[in-house]
Amino acid sequence: LVQLTIGYPDYESQMTLIRDRQLENPMEQVQQAADAAALVSMQQEVRRVAMDDKIIDYITRLAMASRAHPLLRLGISPRGALAVCRAAKANAYLAGRDYVIPDDVAEVFPFVCGHRLILNAKARLNEYTAEQLIESMIGEVKKPDVQEFRK
């Protein structure tokens, strides 16, 4: 669904990581945060998060913009757009809302779509990244105005 990159730790963090693992494995200290029933319940709650047609339109326009982008060989597929919907609902749920706002979409879009895009030769030659192209699409595709939802 998403791809996250955490990068490498800085010097002090790397030192701490190695030092702390000399005598014990911190993975042995990990405790269960939720059982299977709680996870299934949360998944069902996320599915019930409301998504207005204006949000669906926004996601569709982002996907279409990626498919027409002059620096992309392959844009966001319908399956990728559905993944954005699911991630945006989860983002809203984690924020304590039972409805999706445009910012939920913009927030998850890079993590859901960055690994789904294939840059063309011109983009690679000019050293563009998928993240840069996603940022430009989010800036170019007009977000629905939250005031429109009150109509």
# chains A, B, ... in the order shown; residues from 1 in each chain; ligands from 1
>>> select_by_dssp(residues="range 38-81 of chain A", states="alpha helix (DSSP H)", output="number ranges by chain")
A: 38-47, 53-68, 78-81
>>> write_last_selection(atoms="N, CA, C and O atoms", output="short mmCIF file (atom, residue, chain, number, x, y, z; two decimals), in the first residue's frame")
data_model
loop_
_atom_site.label_atom_id
_atom_site.label_comp_id
_atom_site.auth_asym_id
_atom_site.auth_seq_id
_atom_site.Cartn_x
_atom_site.Cartn_y
_atom_site.Cartn_z
N ALA A 38 -9.10 -6.65 17.52
CA ALA A 38 -9.03 -5.19 17.56
C ALA A 38 -8.59 -4.63 16.21
O ALA A 38 -9.13 -3.61 15.75
N LEU A 39 -7.65 -5.29 15.56
CA LEU A 39 -7.19 -4.85 14.24
C LEU A 39 -8.32 -4.95 13.22
O LEU A 39 -8.52 -4.03 12.42
N VAL A 40 -9.06 -6.05 13.23
CA VAL A 40 -10.18 -6.22 12.30
C VAL A 40 -11.23 -5.14 12.56
O VAL A 40 -11.77 -4.54 11.63
N SER A 41 -11.48 -4.86 13.82
CA SER A 41 -12.45 -3.82 14.18
C SER A 41 -12.01 -2.45 13.66
O SER A 41 -12.82 -1.69 13.10
N MET A 42 -10.73 -2.12 13.82
CA MET A 42 -10.22 -0.84 13.32
C MET A 42 -10.31 -0.77 11.80
O MET A 42 -10.65 0.26 11.23
N GLN A 43 -10.01 -1.89 11.13
CA GLN A 43 -10.11 -1.92 9.67
C GLN A 43 -11.55 -1.64 9.23
O GLN A 43 -11.78 -0.91 8.26
N GLN A 44 -12.52 -2.20 9.93
CA GLN A 44 -13.92 -1.97 9.60
C GLN A 44 -14.30 -0.51 9.85
O GLN A 44 -15.04 0.08 9.06
N GLU A 45 -13.79 0.07 10.93
CA GLU A 45 -14.06 1.48 11.22
C GLU A 45 -13.48 2.37 10.13
O GLU A 45 -14.10 3.35 9.72
N VAL A 46 -12.27 2.05 9.66
CA VAL A 46 -11.64 2.83 8.59
C VAL A 46 -12.48 2.76 7.32
O VAL A 46 -12.67 3.77 6.64
N ARG A 47 -13.00 1.59 6.99
CA ARG A 47 -13.84 1.45 5.79
C ARG A 47 -15.06 2.36 5.86
O ARG A 47 -15.55 2.82 4.83
N ASP A 53 -17.72 12.79 -2.84
CA ASP A 53 -17.38 12.71 -4.27
C ASP A 53 -16.34 13.75 -4.67
O ASP A 53 -15.58 13.52 -5.62
N LYS A 54 -16.28 14.87 -3.98
CA LYS A 54 -15.27 15.89 -4.29
C LYS A 54 -13.86 15.37 -3.98
O LYS A 54 -12.90 15.70 -4.67
N ILE A 55 -13.75 14.53 -2.97
CA ILE A 55 -12.46 13.91 -2.64
C ILE A 55 -12.12 12.84 -3.68
O ILE A 55 -10.98 12.75 -4.14
N ILE A 56 -13.11 12.06 -4.07
CA ILE A 56 -12.90 11.05 -5.10
C ILE A 56 -12.48 11.72 -6.40
O ILE A 56 -11.57 11.26 -7.09
N ASP A 57 -13.11 12.84 -6.72
CA ASP A 57 -12.75 13.61 -7.91
C ASP A 57 -11.30 14.08 -7.81
O ASP A 57 -10.54 14.00 -8.79
N TYR A 58 -10.89 14.56 -6.65
CA TYR A 58 -9.52 15.04 -6.44
C TYR A 58 -8.51 13.91 -6.67
O TYR A 58 -7.51 14.07 -7.38
N ILE A 59 -8.79 12.74 -6.11
CA ILE A 59 -7.90 11.59 -6.28
C ILE A 59 -7.84 11.19 -7.75
O ILE A 59 -6.76 10.91 -8.29
N THR A 60 -8.98 11.20 -8.41
CA THR A 60 -9.04 10.85 -9.83
C THR A 60 -8.24 11.84 -10.67
O THR A 60 -7.48 11.44 -11.57
N ARG A 61 -8.38 13.13 -10.38
CA ARG A 61 -7.63 14.14 -11.13
C ARG A 61 -6.13 14.01 -10.89
O ARG A 61 -5.33 14.19 -11.81
N LEU A 62 -5.71 13.67 -9.68
CA LEU A 62 -4.28 13.43 -9.41
C LEU A 62 -3.78 12.24 -10.22
O LEU A 62 -2.70 12.29 -10.83
N ALA A 63 -4.55 11.16 -10.23
CA ALA A 63 -4.15 9.97 -11.00
C ALA A 63 -4.06 10.30 -12.49
O ALA A 63 -3.09 9.91 -13.16
N MET A 64 -5.06 11.01 -13.01
CA MET A 64 -5.06 11.37 -14.42
C MET A 64 -3.89 12.30 -14.76
O MET A 64 -3.27 12.16 -15.82
N ALA A 65 -3.56 13.22 -13.84
CA ALA A 65 -2.42 14.12 -14.06
C ALA A 65 -1.13 13.32 -14.14
O ALA A 65 -0.24 13.63 -14.94
N SER A 66 -1.02 12.28 -13.33
CA SER A 66 0.20 11.47 -13.38
C SER A 66 0.31 10.73 -14.71
O SER A 66 1.40 10.59 -15.27
N ARG A 67 -0.81 10.28 -15.24
CA ARG A 67 -0.80 9.54 -16.50
C ARG A 67 -0.47 10.43 -17.69
O ARG A 67 0.04 9.95 -18.70
N ALA A 68 -0.76 11.73 -17.55
CA ALA A 68 -0.50 12.67 -18.65
C ALA A 68 0.80 13.45 -18.44
O ALA A 68 1.15 14.28 -19.28
N PRO A 78 -5.51 2.64 -11.68
CA PRO A 78 -6.74 2.62 -10.87
C PRO A 78 -6.52 1.95 -9.51
O PRO A 78 -7.05 2.39 -8.50
N ARG A 79 -5.72 0.89 -9.50
CA ARG A 79 -5.42 0.22 -8.22
C ARG A 79 -4.66 1.15 -7.29
O ARG A 79 -4.89 1.18 -6.07
N GLY A 80 -3.75 1.95 -7.85
CA GLY A 80 -3.02 2.93 -7.06
C GLY A 80 -3.95 4.00 -6.51
O GLY A 80 -3.81 4.43 -5.36
N ALA A 81 -4.91 4.44 -7.32
CA ALA A 81 -5.89 5.44 -6.87
C ALA A 81 -6.74 4.87 -5.73
O ALA A 81 -7.05 5.58 -4.76
#
>>> residues_around(residues="Gln132 in chain A", least_positions_apart="4", cutoff="12 Å", atoms="only C-alpha atoms", output="VMD selection string")
chain A and resid 71 to 72 110 113 to 114 117 119 123 to 124 126 to 128 136 to 139
>>> select_by_dssp(residues="range 40-130 of chain A", states="strand (DSSP E)", output="tab-separated table (two decimals) with C-alpha atoms, in the first residue's frame")
chain	number	residue	atom	x	y	z
A	72	LEU	CA	6.40	10.00	-16.54
A	73	ARG	CA	6.32	6.81	-18.55
A	74	LEU	CA	3.83	5.21	-16.18
A	118	ILE	CA	8.02	5.18	-13.59
A	119	LEU	CA	10.01	8.17	-14.79
>>> atom_distance(atom1="CA of Val108 in chain A", atom2="CA of Val84 in chain A")
6.9 Å
>>> atom_distance(atom1="CA of Ala83 in chain A", atom2="CA of Val100 in chain A")
14.0 Å
